[in-house]
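Novice: My structure is in input-v2.csv, and what it holds is CSV, N, CA and C atoms:
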chain,number,residue,atom,x,y,z
I,26,LEU,N,95.4,-158.1,123.2
I,26,LEU,CA,96.6,-158.2,124.0
I,26,LEU,C,97.9,-158.1,123.3
I,27,VAL,N,97.9,-158.5,122.0
I,27,VAL,CA,99.1,-158.4,121.2
I,27,VAL,C,99.5,-157.0,121.0
I,28,THR,N,98.5,-156.1,120.7
I,28,THR,CA,98.8,-154.7,120.5
I,28,THR,C,99.3,-154.1,121.8
I,29,LEU,N,98.7,-154.4,123.0
I,29,LEU,CA,99.2,-153.9,124.2
I,29,LEU,C,100.6,-154.3,124.6
I,30,SER,N,100.9,-155.6,124.3
I,30,SER,CA,102.2,-156.1,124.5
I,30,SER,C,103.2,-155.4,123.6
I,31,PHE,N,102.9,-155.1,122.3
I,31,PHE,CA,103.7,-154.4,121.4
I,31,PHE,C,104.0,-153.0,121.9
I,32,ILE,N,103.0,-152.3,122.4
I,32,ILE,CA,103.2,-151.0,123.0
I,32,ILE,C,104.2,-151.0,124.2
I,33,GLY,N,104.0,-152.0,125.0
I,33,GLY,CA,104.9,-152.2,126.2
I,33,GLY,C,106.3,-152.4,125.7
I,34,GLY,N,106.5,-153.3,124.7
I,34,GLY,CA,107.8,-153.6,124.2
I,34,GLY,C,108.5,-152.3,123.6
I,35,LEU,N,107.7,-151.5,122.8
I,35,LEU,CA,108.2,-150.3,122.3
I,35,LEU,C,108.7,-149.4,123.4
I,36,LYS,N,107.9,-149.3,124.4
I,36,LYS,CA,108.3,-148.4,125.5
I,36,LYS,C,109.6,-148.8,126.2
I,37,LYS,N,109.8,-150.1,126.4
I,37,LYS,CA,111.0,-150.6,127.0
I,37,LYS,C,112.2,-150.5,126.0
I,38,ALA,N,112.0,-150.7,124.8
I,38,ALA,CA,113.1,-150.7,123.8
I,38,ALA,C,113.6,-149.3,123.5
I,39,THR,N,112.7,-148.3,123.5
I,39,THR,CA,113.0,-146.9,123.2
I,39,THR,C,113.4,-146.1,124.4
I,40,LYS,N,112.9,-146.5,125.6
I,40,LYS,CA,113.1,-145.8,126.8
I,40,LYS,C,112.5,-144.4,126.7
I,41,LYS,N,111.5,-144.2,125.9
I,41,LYS,CA,110.8,-142.9,125.7
I,41,LYS,C,109.6,-142.9,126.6
I,42,GLU,N,109.2,-141.7,127.1
I,42,GLU,CA,108.0,-141.5,127.8
I,42,GLU,C,107.0,-140.6,127.0
I,43,GLY,N,105.8,-140.8,127.2
I,43,GLY,CA,104.8,-140.0,126.5
I,43,GLY,C,103.4,-140.5,126.7
I,44,PRO,N,102.4,-139.7,126.2
I,44,PRO,CA,101.0,-140.1,126.3
I,44,PRO,C,100.7,-141.3,125.5
I,45,LEU,N,99.6,-142.0,125.9
I,45,LEU,CA,99.2,-143.2,125.2
I,45,LEU,C,97.6,-143.0,125.0
I,46,LEU,N,97.2,-143.1,123.8
I,46,LEU,CA,95.7,-142.9,123.5
I,46,LEU,C,95.2,-144.2,122.8
I,47,ILE,N,94.2,-144.8,123.4
I,47,ILE,CA,93.7,-146.1,122.9
I,47,ILE,C,92.2,-146.0,122.8
I,48,ASP,N,91.6,-146.4,121.7
I,48,ASP,CA,90.2,-146.5,121.4
I,48,ASP,C,89.7,-147.9,121.6
I,49,SER,N,88.7,-148.0,122.5
I,49,SER,CA,88.1,-149.3,122.8
I,49,SER,C,89.1,-150.4,123.2
I,50,PRO,N,89.9,-150.2,124.2
I,50,PRO,CA,91.0,-151.2,124.5
I,50,PRO,C,90.4,-152.5,125.1
I,51,PHE,N,89.2,-152.6,125.6
I,51,PHE,CA,88.7,-153.8,126.2
I,51,PHE,C,87.7,-154.5,125.4
I,52,GLY,N,87.3,-154.0,124.3
I,52,GLY,CA,86.2,-154.5,123.5
I,52,GLY,C,86.3,-156.0,123.1
I,53,ARG,N,87.4,-156.5,122.9
I,53,ARG,CA,87.5,-157.9,122.5
I,53,ARG,C,88.2,-158.8,123.6
I,54,LEU,N,88.4,-158.3,124.8
I,54,LEU,CA,89.0,-159.1,125.8
I,54,LEU,C,88.0,-159.7,126.7
I,55,ASP,N,88.3,-160.9,127.3
I,55,ASP,CA,87.5,-161.5,128.3
I,55,ASP,C,87.7,-160.9,129.7
I,56,LYS,N,86.8,-161.2,130.6
I,56,LYS,CA,86.8,-160.5,131.9
I,56,LYS,C,88.2,-160.7,132.6
I,57,GLY,N,88.8,-161.8,132.6
I,57,GLY,CA,90.1,-162.0,133.2
I,57,GLY,C,91.2,-161.2,132.6
I,58,ASN,N,91.2,-161.1,131.3
I,58,ASN,CA,92.2,-160.3,130.6
I,58,ASN,C,92.0,-158.8,130.9
I,59,ILE,N,90.7,-158.4,130.9
I,59,ILE,CA,90.4,-157.0,131.2
I,59,ILE,C,91.0,-156.6,132.6
I,60,THR,N,90.7,-157.4,133.6
I,60,THR,CA,91.2,-157.2,134.9
I,60,THR,C,92.7,-157.0,134.9
I,61,ASN,N,93.4,-157.9,134.2
I,61,ASN,CA,94.9,-157.8,134.2
I,61,ASN,C,95.4,-156.6,133.5
I,62,VAL,N,94.7,-156.2,132.4
I,62,VAL,CA,95.1,-155.0,131.6
I,62,VAL,C,94.9,-153.8,132.5
I,63,LEU,N,93.7,-153.8,133.2
I,63,LEU,CA,93.4,-152.6,134.1
I,63,LEU,C,94.5,-152.4,135.2
I,64,LYS,N,95.2,-153.5,135.6
I,64,LYS,CA,96.2,-153.4,136.6
I,64,LYS,C,97.5,-152.8,136.0
I,65,THR,N,97.8,-153.1,134.7
I,65,THR,CA,99.1,-152.8,134.2
I,65,THR,C,99.1,-151.5,133.2
I,66,LEU,N,98.0,-151.3,132.6
I,66,LEU,CA,97.9,-150.2,131.6
I,66,LEU,C,98.2,-148.9,132.1
I,67,PRO,N,97.8,-148.5,133.3
I,67,PRO,CA,98.1,-147.1,133.8
I,67,PRO,C,99.6,-146.9,134.0
I,68,ASN,N,100.4,-148.0,134.1
I,68,ASN,CA,101.9,-147.8,134.3
I,68,ASN,C,102.6,-147.7,132.9
I,69,GLU,N,101.9,-147.8,131.8
I,69,GLU,CA,102.6,-147.9,130.5
I,69,GLU,C,102.8,-146.5,129.9
I,70,ALA,N,102.3,-145.4,130.5
I,70,ALA,CA,102.4,-144.1,129.9
I,70,ALA,C,102.4,-143.0,131.0
I,71,THR,N,103.0,-141.9,130.7
I,71,THR,CA,102.9,-140.7,131.6
I,71,THR,C,101.5,-140.2,131.6
I,72,GLN,N,100.8,-140.3,130.5
I,72,GLN,CA,99.4,-139.9,130.4
I,72,GLN,C,98.6,-140.9,129.6
I,73,LEU,N,97.5,-141.4,130.1
I,73,LEU,CA,96.7,-142.4,129.4
I,73,LEU,C,95.3,-141.9,129.1
I,74,ILE,N,95.0,-142.0,127.8
I,74,ILE,CA,93.7,-141.5,127.4
I,74,ILE,C,93.0,-142.7,126.8
I,75,LEU,N,91.8,-143.1,127.3
I,75,LEU,CA,91.1,-144.3,126.9
I,75,LEU,C,89.7,-143.8,126.4
I,76,PHE,N,89.3,-144.3,125.2
I,76,PHE,CA,88.0,-144.1,124.7
I,76,PHE,C,87.3,-145.4,125.0
I,77,ILE,N,86.4,-145.5,126.0
I,77,ILE,CA,85.7,-146.7,126.4
I,77,ILE,C,84.2,-146.6,126.2
I,78,LYS,N,83.7,-147.6,125.5
I,78,LYS,CA,82.2,-147.7,125.3
I,78,LYS,C,81.6,-148.1,126.6
I,79,ASP,N,80.3,-147.7,126.8
I,79,ASP,CA,79.6,-148.0,128.1
I,79,ASP,C,79.4,-149.4,128.4
I,80,ASN,N,79.6,-150.3,127.4
I,80,ASN,CA,79.4,-151.8,127.7
I,80,ASN,C,80.7,-152.5,127.8
I,81,GLU,N,81.9,-151.8,127.8
I,81,GLU,CA,83.2,-152.5,127.8
I,81,GLU,C,83.6,-153.0,129.2
I,82,LEU,N,83.2,-152.4,130.2
I,82,LEU,CA,83.6,-152.7,131.6
I,82,LEU,C,82.4,-153.0,132.5
I,83,ASP,N,82.5,-154.0,133.4
I,83,ASP,CA,81.4,-154.2,134.3
I,83,ASP,C,81.6,-153.3,135.5
I,84,GLU,N,80.7,-153.3,136.5
I,84,GLU,CA,80.8,-152.3,137.6
I,84,GLU,C,82.1,-152.4,138.4
I,85,SER,N,82.5,-153.6,138.7
I,85,SER,CA,83.8,-153.8,139.5
I,85,SER,C,85.0,-153.3,138.7
I,86,GLN,N,85.0,-153.6,137.4
I,86,GLN,CA,86.1,-153.1,136.6
I,86,GLN,C,86.1,-151.6,136.5
I,87,GLN,N,84.9,-151.0,136.3
I,87,GLN,CA,84.8,-149.5,136.3
I,87,GLN,C,85.2,-148.9,137.6
I,88,ALA,N,84.9,-149.5,138.7
I,88,ALA,CA,85.3,-149.0,140.0
I,88,ALA,C,86.8,-149.1,140.2
I,89,ALA,N,87.4,-150.1,139.6
I,89,ALA,CA,88.9,-150.3,139.7
I,89,ALA,C,89.6,-149.2,138.9
I,90,ILE,N,89.1,-148.9,137.8
I,90,ILE,CA,89.8,-147.9,136.9
I,90,ILE,C,89.5,-146.5,137.4
I,91,ASN,N,88.3,-146.3,138.0
I,91,ASN,CA,88.0,-145.0,138.5
I,91,ASN,C,88.9,-144.4,139.6
I,92,LYS,N,89.6,-145.4,140.3
I,92,LYS,CA,90.6,-145.0,141.3
I,92,LYS,C,91.8,-144.2,140.7
I,93,LYS,N,92.0,-144.5,139.4
I,93,LYS,CA,93.2,-143.9,138.7
I,93,LYS,C,92.8,-142.8,137.7
I,94,VAL,N,91.5,-142.5,137.6
I,94,VAL,CA,91.0,-141.5,136.6
I,94,VAL,C,91.2,-140.1,137.1
I,95,GLY,N,91.9,-139.3,136.3
I,95,GLY,CA,92.0,-137.9,136.7
I,95,GLY,C,90.8,-137.1,136.2
I,96,LYS,N,90.4,-137.3,135.0
I,96,LYS,CA,89.3,-136.6,134.4
I,96,LYS,C,88.5,-137.6,133.6
I,97,ASP,N,87.2,-137.5,133.6
I,97,ASP,CA,86.3,-138.4,132.9
I,97,ASP,C,85.3,-137.6,132.1
I,98,TYR,N,85.2,-137.9,130.8
I,98,TYR,CA,84.2,-137.2,130.0
I,98,TYR,C,83.4,-138.2,129.2
I,99,THR,N,82.2,-137.7,128.9
I,99,THR,CA,81.3,-138.6,128.0
I,99,THR,C,81.0,-137.8,126.8
I,100,ILE,N,81.0,-138.5,125.7
I,100,ILE,CA,80.7,-137.9,124.4
I,100,ILE,C,79.2,-138.3,124.0
I,101,PHE,N,78.4,-137.3,123.8
I,101,PHE,CA,77.0,-137.5,123.4
I,101,PHE,C,76.8,-137.2,122.0
I,102,LYS,N,76.2,-138.1,121.2
I,102,LYS,CA,75.9,-137.8,119.8
I,102,LYS,C,74.6,-137.0,119.7
I,103,ASP,N,74.7,-135.8,119.2
I,103,ASP,CA,73.5,-135.0,119.0
I,103,ASP,C,72.9,-135.3,117.6
I,104,THR,N,73.7,-135.2,116.6
I,104,THR,CA,73.2,-135.6,115.2
I,104,THR,C,74.3,-136.4,114.5
I,105,ASP,N,74.1,-136.7,113.3
I,105,ASP,CA,75.2,-137.5,112.6
I,105,ASP,C,76.5,-136.7,112.4
I,106,THR,N,76.4,-135.4,112.5
I,106,THR,CA,77.6,-134.5,112.3
I,106,THR,C,78.0,-133.7,113.5
I,107,LYS,N,77.3,-133.9,114.6
I,107,LYS,CA,77.6,-133.1,115.8
I,107,LYS,C,77.5,-133.9,117.1
I,108,SER,N,78.5,-133.8,117.9
I,108,SER,CA,78.6,-134.4,119.2
I,108,SER,C,78.9,-133.4,120.3
I,109,GLU,N,78.6,-133.8,121.5
I,109,GLU,CA,78.9,-132.9,122.6
I,109,GLU,C,79.7,-133.6,123.7
I,110,ILE,N,80.7,-133.0,124.2
I,110,ILE,CA,81.5,-133.6,125.3
I,110,ILE,C,81.2,-132.9,126.6
I,111,GLN,N,80.9,-133.8,127.6
I,111,GLN,CA,80.6,-133.3,128.9
I,111,GLN,C,81.4,-134.0,130.0
I,112,LYS,N,81.9,-133.2,130.9
I,112,LYS,CA,82.7,-133.8,132.0
I,112,LYS,C,81.7,-134.6,132.9
I,113,THR,N,82.1,-135.8,133.3
I,113,THR,CA,81.2,-136.6,134.1
I,113,THR,C,81.7,-136.9,135.5
I,114,GLN,N,82.9,-136.5,135.8
I,114,GLN,CA,83.5,-136.7,137.1
I,114,GLN,C,84.0,-135.4,137.7
How does the structure come out when it is put into structure tokens?
Specialist:
Amino acid sequence: LVTLSFIGGLKKATKKEGPLLIDSPFGRLDKGNITNVLKTLPNEATQLILFIKDNELDESQQAAINKKVGKDYTIFKDTDTKSEIQKTQ
């Protein structure tokens, strides 16, 4: 939450717009905080790119974020040095 608060503060202080890319944003949050972040995070950037592990969100949280998803991709690991990206929505 501290990092997300910092990002929000930077946005307000600089009045700059741009994309936001976050890897595993919900990994260490409890269910209540995840729900709150899901409500506010989409408003923090003109474009939001999230790398989410399959166990980070429960079904209701996934359904809530899917309403705001433009494109959804899954990365499949083929080997230690090769992965494949497939559109899932």
Novice: In Å, with one decimal, what is the gap from CA of Lys93 in chain I to CA of Lys107 in chain I?
Specialist: 29.7 Å
Novice: At a cut-off of 9 Å, using only C-alpha atoms, what residues contact range 51-58 of chain I? Leave out same-chain residues fewer than 5 positions from it and give the result as a VMD selection string.
Specialist: chain I and resid 26 63 77 to 78 80 to 83 86
Novice: Report as an MDAnalysis selection string all protein, DNA and RNA residues lying within 7 Å of Ile74 in chain I, evaluated on only N, CA and C atoms, omitting residues in the same chain fewer than 5 positions from it.
Specialist: chainID I and resid 44:48
Novice: Got time to write the residues from that selection, N, CA and C atoms, as an mmCIF file, in the frame of the given file?
Specialist:
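After the write, again.cif holds the following:
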data_model
loop_
_atom_site.group_PDB
_atom_site.id
_atom_site.type_symbol
_atom_site.label_atom_id
_atom_site.label_comp_id
_atom_site.auth_asym_id
_atom_site.auth_seq_id
_atom_site.Cartn_x
_atom_site.Cartn_y
_atom_site.Cartn_z
ATOM 1 N N PRO I 44 102.400 -139.700 126.200
ATOM 2 C CA PRO I 44 101.000 -140.100 126.300
ATOM 3 C C PRO I 44 100.700 -141.300 125.500
ATOM 4 N N LEU I 45 99.600 -142.000 125.900
ATOM 5 C CA LEU I 45 99.200 -143.200 125.200
ATOM 6 C C LEU I 45 97.600 -143.000 125.000
ATOM 7 N N LEU I 46 97.200 -143.100 123.800
ATOM 8 C CA LEU I 46 95.700 -142.900 123.500
ATOM 9 C C LEU I 46 95.200 -144.200 122.800
ATOM 10 N N ILE I 47 94.200 -144.800 123.400
ATOM 11 C CA ILE I 47 93.700 -146.100 122.900
ATOM 12 C C ILE I 47 92.200 -146.000 122.800
ATOM 13 N N ASP I 48 91.600 -146.400 121.700
ATOM 14 C CA ASP I 48 90.200 -146.500 121.400
ATOM 15 C C ASP I 48 89.700 -147.900 121.600
#
Novice: Where in range 28-99 of chain I does DSSP assign alpha helix (DSSP H), given as a ChimeraX atom specification?
Specialist: /I:28-39,56-65,84-91
Novice: Of the residues I:Thr39, I:Ser49, I:Gln72, I:Thr60, which is the one nearest to Gly95 in chain I, using only C-alpha atoms?
Specialist: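 Using only C-alpha atoms, Gly95 in chain I sits closest to I:Gln72.
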Novice: Based on the backbone DSSP call, show me all residues of chain I assigned strand (DSSP E), as number ranges by chain.
Specialist: I: 44-48, 72-76, 98-104, 107-112
Novice: Please provide the set of residues having any atom within 12 Å of Ile90 in chain I, restricted to only C-alpha atoms, with same-chain residues fewer than 6 positions apart removed, written as a ChimeraX atom specification.
Specialist: /I:59-67,73,75,77,82-84,96-97
Novice: Give me, please, the distance in Å between atom N of Ile100 in chain I and atom N of Thr113 in chain I, quoted to one decimal.
Specialist: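 Distance reported for this atom pair: 8.1 Å.
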Novice: Report as a PyMOL selection string all protein, DNA and RNA residues lying within 7 Å of Gly33 in chain I, evaluated on all atoms listed in the file, omitting residues in the same chain fewer than 5 positions from it.
Specialist: chain I and resi 28+38+69
Novice: What separation in Å, quoted to one decimal, exists between CA of Ala88 in chain I and CA of Ser108 in chain I?
Specialist: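 Atom-to-atom, CA of Ala88 in chain I to CA of Ser108 in chain I, that is 26.3 Å.
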